[in-house]
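The file input.txt contains compact mmCIF, C-alpha atoms:
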# COMPACT_ATOMS: atom_id res chain seq x y z
CA MET A 182 27.27 9.08 -54.05
CA LEU A 183 29.20 5.86 -53.45
CA THR A 184 31.99 5.16 -50.97
CA PRO A 185 33.14 1.58 -51.58
CA GLN A 186 35.94 1.71 -49.04
CA PRO A 187 36.77 3.89 -46.00
CA GLN A 188 38.50 7.14 -46.82
CA PRO A 189 41.24 8.67 -44.64
CA GLN A 190 40.05 11.61 -42.59
CA PRO A 191 41.76 14.99 -43.22
CA GLU A 192 43.42 14.98 -39.80
CA GLN A 193 44.95 11.55 -40.50
CA ALA A 194 46.57 12.41 -43.84
CA ALA A 195 49.31 14.76 -44.96
CA ALA A 196 48.14 18.21 -46.02
CA VAL A 197 47.32 18.56 -49.71
CA HIS A 198 48.43 21.82 -51.32
CA THR A 199 47.69 21.05 -54.97
CA LEU A 200 44.66 19.60 -56.75
CA ARG A 201 44.72 18.47 -60.36
CA ILE A 202 41.33 19.10 -61.89
CA LEU A 203 39.74 18.25 -65.24
CA THR A 204 36.50 19.58 -66.71
CA VAL A 205 34.83 18.02 -69.75
CA ASN A 206 31.43 18.10 -71.41
CA THR A 207 30.98 14.38 -72.14
CA HIS A 208 28.28 14.92 -74.81
CA LYS A 209 26.43 11.93 -73.28
CA GLY A 210 29.26 9.59 -74.32
CA PHE A 211 29.11 10.34 -78.05
CA SER A 212 31.45 12.00 -80.50
CA ALA A 213 30.49 15.26 -82.22
CA LEU A 214 27.20 15.04 -84.14
CA ASN A 215 26.45 11.82 -82.22
CA ARG A 216 28.22 9.72 -84.84
CA THR A 217 29.99 7.25 -82.56
CA PHE A 218 29.54 5.95 -79.03
CA VAL A 219 32.92 6.68 -77.41
CA LEU A 220 32.36 6.37 -73.65
CA PRO A 221 34.85 3.48 -73.14
CA GLU A 222 37.55 5.44 -74.98
CA LEU A 223 36.61 8.58 -73.06
CA ARG A 224 37.10 6.71 -69.79
CA GLU A 225 40.63 5.72 -70.77
CA ALA A 226 41.46 9.31 -71.76
CA VAL A 227 40.07 10.68 -68.48
CA ARG A 228 42.02 8.09 -66.48
CA ALA A 229 45.25 9.02 -68.31
CA VAL A 230 45.05 12.60 -67.00
CA SER A 231 45.14 11.33 -63.38
CA ALA A 232 43.12 14.27 -62.10
CA ASP A 233 42.16 14.42 -58.44
CA VAL A 234 38.77 15.96 -59.20
CA VAL A 235 36.81 15.65 -62.46
CA PHE A 236 33.92 17.95 -63.41
CA LEU A 237 31.52 16.36 -65.90
CA GLN A 238 28.68 17.96 -67.83
CA GLU A 239 26.03 16.30 -70.01
CA VAL A 240 26.66 12.90 -68.45
CA LEU A 241 23.86 10.34 -68.67
CA GLY A 242 22.31 8.94 -65.54
CA MET A 243 20.37 6.43 -67.61
CA HIS A 244 18.89 5.85 -71.08
CA ARG A 245 16.44 3.05 -71.86
CA LEU A 246 17.04 2.75 -75.60
CA HIS A 247 20.80 3.19 -76.01
CA GLY A 248 21.46 -0.10 -74.21
CA GLN A 249 19.57 -1.88 -76.98
CA ARG A 250 21.48 -0.12 -79.76
CA PHE A 251 25.08 -0.39 -78.57
CA ALA A 252 26.74 -3.67 -77.59
CA ASN A 253 29.30 -1.93 -75.37
CA TRP A 254 26.72 0.14 -73.48
CA SER A 255 27.28 0.20 -69.70
CA ASP A 256 24.61 -1.04 -67.30
CA VAL A 257 25.65 1.56 -64.70
CA PRO A 258 25.25 5.35 -64.95
CA GLN A 259 27.90 7.00 -67.10
CA TYR A 260 29.45 8.90 -64.19
CA GLU A 261 29.87 5.63 -62.30
CA PHE A 262 31.39 3.99 -65.39
CA LEU A 263 33.85 6.87 -65.78
CA ALA A 264 34.73 6.86 -62.07
CA ASP A 265 35.67 3.17 -62.30
CA SER A 266 38.28 2.41 -59.62
CA MET A 267 40.19 5.72 -59.75
CA TRP A 268 37.63 8.01 -58.11
CA PRO A 269 36.15 6.29 -55.07
CA VAL A 270 33.44 8.90 -54.50
CA TYR A 271 31.20 10.87 -56.81
CA ALA A 272 28.18 13.13 -56.83
CA TYR A 273 25.51 13.48 -59.51
CA GLY A 274 23.00 16.24 -60.14
CA ARG A 275 20.15 15.40 -62.51
CA ASN A 276 19.26 18.34 -64.75
CA ALA A 277 17.32 17.11 -67.78
CA VAL A 278 14.66 14.40 -67.74
CA TYR A 279 13.02 13.02 -70.90
CA PRO A 280 10.95 9.93 -71.78
CA ASP A 281 13.95 7.66 -72.44
CA GLY A 282 16.41 8.89 -69.81
CA GLU A 283 18.14 11.71 -67.99
CA HIS A 284 21.43 13.60 -67.86
CA GLY A 285 23.14 16.17 -65.69
CA ASN A 286 26.41 17.21 -64.03
CA ALA A 287 28.69 14.98 -61.99
CA LEU A 288 31.81 15.29 -59.85
CA LEU A 289 34.37 12.51 -59.46
CA SER A 290 36.71 12.89 -56.49
CA LYS A 291 39.67 11.15 -54.89
CA PHE A 292 38.75 12.93 -51.65
CA PRO A 293 35.67 12.41 -49.46
CA ILE A 294 32.60 14.43 -50.43
CA ILE A 295 31.14 15.85 -47.23
CA SER A 296 27.91 16.90 -48.92
CA HIS A 297 26.51 17.85 -52.30
CA ASP A 298 23.47 19.69 -53.59
CA ASN A 299 22.11 20.27 -57.08
CA LEU A 300 20.66 23.73 -57.72
CA ASP A 301 18.10 23.96 -60.52
CA ILE A 302 18.87 27.08 -62.57
CA SER A 303 16.42 26.45 -65.40
CA VAL A 304 15.13 30.00 -65.78
CA SER A 305 13.13 30.02 -69.02
CA GLY A 306 12.26 27.98 -72.10
CA THR A 307 12.80 24.23 -72.25
CA GLU A 308 16.51 24.01 -71.35
CA GLN A 309 17.06 22.30 -68.00
CA ARG A 310 20.31 23.40 -66.34
CA GLY A 311 21.95 23.03 -62.96
CA LEU A 312 24.79 23.82 -60.58
CA LEU A 313 26.22 20.86 -58.67
CA HIS A 314 27.75 22.19 -55.45
CA SER A 315 29.97 19.76 -53.53
CA ILE A 316 32.05 20.20 -50.38
CA LEU A 317 35.26 18.15 -50.31
CA ALA A 318 37.26 17.06 -47.28
CA VAL A 319 40.81 17.75 -48.49
CA PRO A 320 43.59 17.11 -45.93
CA GLY A 321 44.95 20.36 -44.52
CA HIS A 322 41.78 22.33 -45.30
CA ARG A 323 38.56 22.62 -43.35
CA GLU A 324 36.59 22.33 -46.60
CA VAL A 325 37.04 22.89 -50.35
CA HIS A 326 33.99 23.94 -52.35
CA THR A 327 33.43 22.90 -55.96
CA VAL A 328 30.64 23.89 -58.35
CA CYS A 329 30.11 21.97 -61.59
CA VAL A 330 28.34 24.28 -64.05
CA HIS A 331 26.28 23.92 -67.20
CA LEU A 332 24.63 27.15 -68.36
CA GLY A 333 22.02 27.78 -71.05
CA LEU A 334 22.44 28.65 -74.72
CA GLY A 335 20.64 32.00 -74.60
CA GLU A 336 22.40 35.17 -73.42
CA ARG A 337 19.48 36.30 -71.26
CA GLN A 338 19.34 32.85 -69.68
CA ARG A 339 23.04 32.87 -68.93
CA GLN A 340 22.95 36.29 -67.30
CA GLN A 341 20.20 35.17 -64.94
CA GLN A 342 22.03 31.91 -64.25
CA LEU A 343 25.27 33.74 -63.53
CA GLN A 344 23.43 35.80 -60.94
CA LEU A 345 22.15 32.58 -59.36
CA LEU A 346 25.72 31.27 -59.34
CA CYS A 347 26.93 34.46 -57.67
CA GLY A 348 24.22 34.07 -55.05
CA LEU A 349 25.53 30.59 -54.28
CA LEU A 350 29.14 31.80 -54.14
CA ASP A 351 28.29 34.74 -51.89
CA GLY A 352 26.88 32.29 -49.35
CA LEU A 353 30.11 30.24 -49.08
CA PRO A 354 32.74 30.83 -46.36
CA ILE A 355 34.79 33.84 -47.41
CA ASP A 356 38.15 32.14 -46.74
CA ALA A 357 37.42 28.68 -48.20
CA PRO A 358 39.00 27.55 -51.50
CA VAL A 359 36.39 27.54 -54.26
CA ILE A 360 36.67 25.88 -57.69
CA VAL A 361 33.95 26.53 -60.28
CA ALA A 362 34.27 24.69 -63.59
CA GLY A 363 32.21 23.53 -66.51
CA ASP A 364 30.39 24.47 -69.70
CA PHE A 365 29.36 28.13 -69.49
CA ASN A 366 28.30 28.42 -73.18
CA ASP A 367 29.71 31.93 -72.81
CA TRP A 368 30.79 32.58 -76.38
CA ARG A 369 30.32 36.33 -75.85
CA LYS A 370 32.85 36.25 -72.98
CA ARG A 371 30.69 38.08 -70.46
CA ALA A 372 30.94 35.72 -67.50
CA ASP A 373 34.33 36.95 -66.24
CA ALA A 374 33.06 40.42 -65.33
CA VAL A 375 30.03 39.02 -63.50
CA LEU A 376 31.99 36.46 -61.50
CA ALA A 377 34.75 38.94 -60.68
CA GLU A 378 32.18 40.66 -58.47
CA CYS A 379 32.08 37.41 -56.44
CA GLY A 380 35.88 37.35 -56.12
CA MET A 381 36.37 34.67 -58.81
CA LYS A 382 39.28 34.68 -61.28
CA GLU A 383 39.25 32.64 -64.49
CA ALA A 384 42.31 30.35 -64.62
CA PHE A 385 43.25 30.82 -68.29
CA ALA A 386 42.48 34.54 -68.41
CA HIS A 387 44.46 35.17 -65.23
CA THR A 388 47.43 33.08 -66.43
CA TYR A 389 47.53 33.81 -70.17
CA GLY A 390 45.38 36.92 -70.59
CA ALA A 391 42.59 35.12 -72.50
CA VAL A 392 40.02 32.40 -71.85
CA ALA A 393 40.49 29.05 -73.60
CA ARG A 394 38.95 27.98 -76.91
CA THR A 395 37.14 24.69 -76.46
CA PHE A 396 34.42 24.36 -79.14
CA PRO A 397 34.02 22.70 -81.58
CA ALA A 398 36.44 19.95 -80.61
CA ARG A 399 37.83 19.38 -84.11
CA LEU A 400 38.85 23.03 -84.50
CA PRO A 401 38.20 24.98 -81.28
CA MET A 402 37.11 28.55 -82.00
CA LEU A 403 34.62 29.46 -79.25
CA CYS A 404 35.43 29.91 -75.56
CA LEU A 405 32.62 27.95 -73.90
CA ASP A 406 34.30 26.14 -71.00
CA ARG A 407 35.86 27.82 -67.95
CA VAL A 408 37.62 27.27 -64.64
CA TYR A 409 37.16 29.95 -61.97
CA LEU A 410 39.01 30.07 -58.65
CA ARG A 411 38.77 31.88 -55.32
CA ASN A 412 41.34 31.53 -52.54
CA ALA A 413 43.33 29.33 -54.92
CA THR A 414 45.81 29.79 -57.77
CA ALA A 415 46.03 28.15 -61.20
CA VAL A 416 49.33 26.65 -62.40
CA THR A 417 49.93 25.88 -66.10
CA PRO A 418 46.31 25.54 -67.25
CA LYS A 419 46.03 23.37 -70.37
CA VAL A 420 43.55 22.87 -73.19
CA LEU A 421 43.51 19.19 -74.17
CA ALA A 422 42.84 19.75 -77.86
CA ARG A 423 44.87 16.95 -79.45
CA LYS A 424 43.90 13.33 -80.09
CA PRO A 425 42.21 11.45 -78.61
CA TRP A 426 40.28 14.36 -77.11
CA SER A 427 39.42 15.98 -80.43
CA HIS A 428 36.99 13.18 -81.31
CA LEU A 429 35.67 12.17 -77.87
CA SER A 430 33.08 14.95 -77.56
CA ASP A 431 32.01 18.19 -79.21
CA HIS A 432 34.02 20.11 -76.55
CA VAL A 433 37.67 19.65 -75.61
CA PRO A 434 38.54 19.45 -71.88
CA LEU A 435 40.44 21.84 -69.65
CA ALA A 436 43.06 20.61 -67.17
CA VAL A 437 44.31 22.86 -64.38
CA GLU A 438 46.66 22.37 -61.45
CA VAL A 439 45.16 24.29 -58.56
CA ARG A 440 47.25 25.40 -55.60
CA LEU A 441 45.24 25.80 -52.42
How would this structure read if it were set down as structure tokens?
Amino acid sequence: MLTPQPQPQPEQAAAVHTLRILTVNTHKGFSALNRTFVLPELREAVRAVSADVVFLQEVLGMHRLHGQRFANWSDVPQYEFLADSMWPVYAYGRNAVYPDGEHGNALLSKFPIISHDNLDISVSGTEQRGLLHSILAVPGHREVHTVCVHLGLGERQRQQQLQLLCGLLDGLPIDAPVIVAGDFNDWRKRADAVLAECGMKEAFAHTYGAVARTFPARLPMLCLDRVYLRNATAVTPKVLARKPWSHLSDHVPLAVEVRL
């Protein structure tokens, strides 16, 4: 986590009643099928949304070989490159480690991050997954909790991981705003019922009656990405399915205005 300049304390700033959030699986900075390195273009698209908080999945912390293959490869971790000058603080949770590098979840924030913790939810097989839990100091609120999620591909894995997520949520203050977002890989649409037991409501399902289609990016058919809220309300959730988003990853992002 980096704080390049002092941040105003909550008691010194006007109360914030709305957060603009964005969640996107960055696909390690490559387009679908890994055809093109698109991280610089992805950064411009993320900046254009002007979100207050950005949830990132599959973001590279480092990779030894890609820097030799691509002339425009960044020397800093991808989450730091994406944060640039718009998000002064960020948190990173390393999930997968391999011989040439690592990737995980990250949170970019315009508000101070009081603390963050990465929960390993790799329950079986070789898939390494995690939950990045961060506590934000948002003016007018004692604390706002965020959880950046990336669940496994197998149904049995996901059910166990959802229970681990519920365990985390059950341990949070009952009256605190909670935002859970990310890649749930929940193409069978079973997460809503599980998380409802923890008091969570899915933003798109609650607003429009159905969760959003986000995969594949070129022609979204499957509902893999979600935004869940507790003690907060979604306003005009949007699927960013048009260009440039349709070729910047294999998932399209979700943007939600959250009223606290």
Q. What separation in Å, quoted to one decimal, exists between CA of Ala226 in chain A and CA of Lys209 in chain A?
A.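 A separation of 15.3 Å between them.
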Contact check, range 186-244 of chain A to range 257-274 of chain A, at most 12 Å, counting only C-alpha atoms, closest pairs as a tab-separated table:
residue	atom	partner	partner_atom	distance
A:Gln186	CA	A:Pro269	CA	7.6
A:Pro187	CA	A:Pro269	CA	9.4
A:Gln188	CA	A:Pro269	CA	8.6
A:Pro189	CA	A:Pro269	CA	11.8
A:Val205	CA	A:Leu263	CA	11.9
A:Asn206	CA	A:Tyr260	CA	11.9
A:Thr207	CA	A:Gln259	CA	9.5
A:His208	CA	A:Gln259	CA	11.1
A:Lys209	CA	A:Gln259	CA	8.0
A:Gly210	CA	A:Gln259	CA	7.8
A:Phe211	CA	A:Gln259	CA	11.5
A:Val219	CA	A:Gln259	CA	11.5
A:Leu220	CA	A:Gln259	CA	7.9
A:Pro221	CA	A:Leu263	CA	8.2
A:Glu222	CA	A:Leu263	CA	10.0
A:Leu223	CA	A:Leu263	CA	8.0
A:Arg224	CA	A:Leu263	CA	5.2
A:Glu225	CA	A:Leu263	CA	8.5
A:Ala226	CA	A:Leu263	CA	10.0
A:Val227	CA	A:Leu263	CA	7.8
A:Arg228	CA	A:Met267	CA	7.4
A:Ala229	CA	A:Met267	CA	10.5
A:Val230	CA	A:Met267	CA	11.1
A:Ser231	CA	A:Met267	CA	8.3
A:Ala232	CA	A:Trp268	CA	9.2
A:Asp233	CA	A:Trp268	CA	7.9
A:Val234	CA	A:Trp268	CA	8.1
A:Val235	CA	A:Trp268	CA	8.8
A:Phe236	CA	A:Ala272	CA	10.0
A:Leu237	CA	A:Tyr260	CA	7.9
A:Gln238	CA	A:Gly274	CA	9.7
A:Glu239	CA	A:Gln259	CA	9.9
A:Val240	CA	A:Gln259	CA	6.2
A:Leu241	CA	A:Gln259	CA	5.5
A:Gly242	CA	A:Pro258	CA	4.7
A:Met243	CA	A:Pro258	CA	5.7
A:His244	CA	A:Pro258	CA	8.8
Q: Work out how far CA of Pro418 in chain A is from CA of Phe385 in chain A, in Å to one decimal.
A: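 About the pair CA of Phe385 in chain A and CA of Pro418 in chain A: they are 6.2 Å apart.
Nearest to Cys329 in chain A of all the residues A:Leu376, A:Leu312, A:Ala194, A:Ile202 is A:Leu312, counting all atoms listed in the file.
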Q | Atom-to-atom span, CA of Leu349 in chain A and CA of Ala393 in chain A, Å | A |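 One can read the CA of Leu349 in chain A to CA of Ala393 in chain A distance as 24.5 Å.
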Q.
I need the residue nearest Gly333 in chain A from this list: A:Glu383, A:Glu308, A:Glu438, A:Asp298. Use all atoms listed in the file for the distance.
A.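 Of all the options, A:Glu308 lies closest to Gly333 in chain A.
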Q.
Considering all atoms listed in the file, can you say which of A:Glu283, A:Asp351, A:Asp356, A:Asp301 comes closest to Ala413 in chain A?
A. A:Asp356
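Using all atoms listed in the file, the smallest distance between any of A:Leu405, A:Ser290, A:Leu353, A:Tyr389 and Arg369 in chain A comes from A:Leu405.
With distances restricted to all atoms listed in the file, A:Phe365 is the closest residue to Leu403 in chain A from A:Gly390, A:Pro425, A:Glu378, A:Phe365.
Counting all atoms listed in the file and comparing A:Leu289, A:Leu345, A:Ala372, A:Val359, the residue that lies closest to Glu324 in chain A is A:Val359.
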Q: Taking (40.0, 34.5, -59.4) in the file's own coordinates, collect the residues within 9 Å, counting all atoms listed in the file, and hand them back as a list in words.
A: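 Protein, DNA and RNA residues close to (40.0, 34.5, -59.4): Leu376, Ala377, Cys379, Gly380, Met381, Lys382, Glu383, Ala384, His387, Tyr409, Leu410, Arg411, Asn412, Ala413, Thr414 and Ala415 of chain A.
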Those residues you just picked out, can you put them in a file as a PDB file, in the frame of the given file with C-alpha atoms?
ATOM      1  CA  LEU A 376      31.990  36.460 -61.500  1.00  0.00           C
ATOM      2  CA  ALA A 377      34.750  38.940 -60.680  1.00  0.00           C
ATOM      3  CA  CYS A 379      32.080  37.410 -56.440  1.00  0.00           C
ATOM      4  CA  GLY A 380      35.880  37.350 -56.120  1.00  0.00           C
ATOM      5  CA  MET A 381      36.370  34.670 -58.810  1.00  0.00           C
ATOM      6  CA  LYS A 382      39.280  34.680 -61.280  1.00  0.00           C
ATOM      7  CA  GLU A 383      39.250  32.640 -64.490  1.00  0.00           C
ATOM      8  CA  ALA A 384      42.310  30.350 -64.620  1.00  0.00           C
ATOM      9  CA  HIS A 387      44.460  35.170 -65.230  1.00  0.00           C
ATOM     10  CA  TYR A 409      37.160  29.950 -61.970  1.00  0.00           C
ATOM     11  CA  LEU A 410      39.010  30.070 -58.650  1.00  0.00           C
ATOM     12  CA  ARG A 411      38.770  31.880 -55.320  1.00  0.00           C
ATOM     13  CA  ASN A 412      41.340  31.530 -52.540  1.00  0.00           C
ATOM     14  CA  ALA A 413      43.330  29.330 -54.920  1.00  0.00           C
ATOM     15  CA  THR A 414      45.810  29.790 -57.770  1.00  0.00           C
ATOM     16  CA  ALA A 415      46.030  28.150 -61.200  1.00  0.00           C
TER      17      ALA A 415
END
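The environment of Gln342 in chain A within 10 Å, counting all atoms listed in the file and disregarding residues fewer than 3 places along the same chain, consists of Asp301, Ile302, Ser303, Val304, Arg310, Gly311, Leu312, Val330, His331, Leu332, Gly333, Glu336, Arg337, Gln338, Arg339, Leu345, Leu346, Cys347, Gly348 and Phe365 of chain A.
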Selection file, C-alpha atoms, as a PDB file, in the frame of the given file:
ATOM      1  CA  ASP A 301      18.100  23.960 -60.520  1.00  0.00           C
ATOM      2  CA  ILE A 302      18.870  27.080 -62.570  1.00  0.00           C
ATOM      3  CA  SER A 303      16.420  26.450 -65.400  1.00  0.00           C
ATOM      4  CA  VAL A 304      15.130  30.000 -65.780  1.00  0.00           C
ATOM      5  CA  ARG A 310      20.310  23.400 -66.340  1.00  0.00           C
ATOM      6  CA  GLY A 311      21.950  23.030 -62.960  1.00  0.00           C
ATOM      7  CA  LEU A 312      24.790  23.820 -60.580  1.00  0.00           C
ATOM      8  CA  VAL A 330      28.340  24.280 -64.050  1.00  0.00           C
ATOM      9  CA  HIS A 331      26.280  23.920 -67.200  1.00  0.00           C
ATOM     10  CA  LEU A 332      24.630  27.150 -68.360  1.00  0.00           C
ATOM     11  CA  GLY A 333      22.020  27.780 -71.050  1.00  0.00           C
ATOM     12  CA  GLU A 336      22.400  35.170 -73.420  1.00  0.00           C
ATOM     13  CA  ARG A 337      19.480  36.300 -71.260  1.00  0.00           C
ATOM     14  CA  GLN A 338      19.340  32.850 -69.680  1.00  0.00           C
ATOM     15  CA  ARG A 339      23.040  32.870 -68.930  1.00  0.00           C
ATOM     16  CA  LEU A 345      22.150  32.580 -59.360  1.00  0.00           C
ATOM     17  CA  LEU A 346      25.720  31.270 -59.340  1.00  0.00           C
ATOM     18  CA  CYS A 347      26.930  34.460 -57.670  1.00  0.00           C
ATOM     19  CA  GLY A 348      24.220  34.070 -55.050  1.00  0.00           C
ATOM     20  CA  PHE A 365      29.360  28.130 -69.490  1.00  0.00           C
TER      21      PHE A 365
END
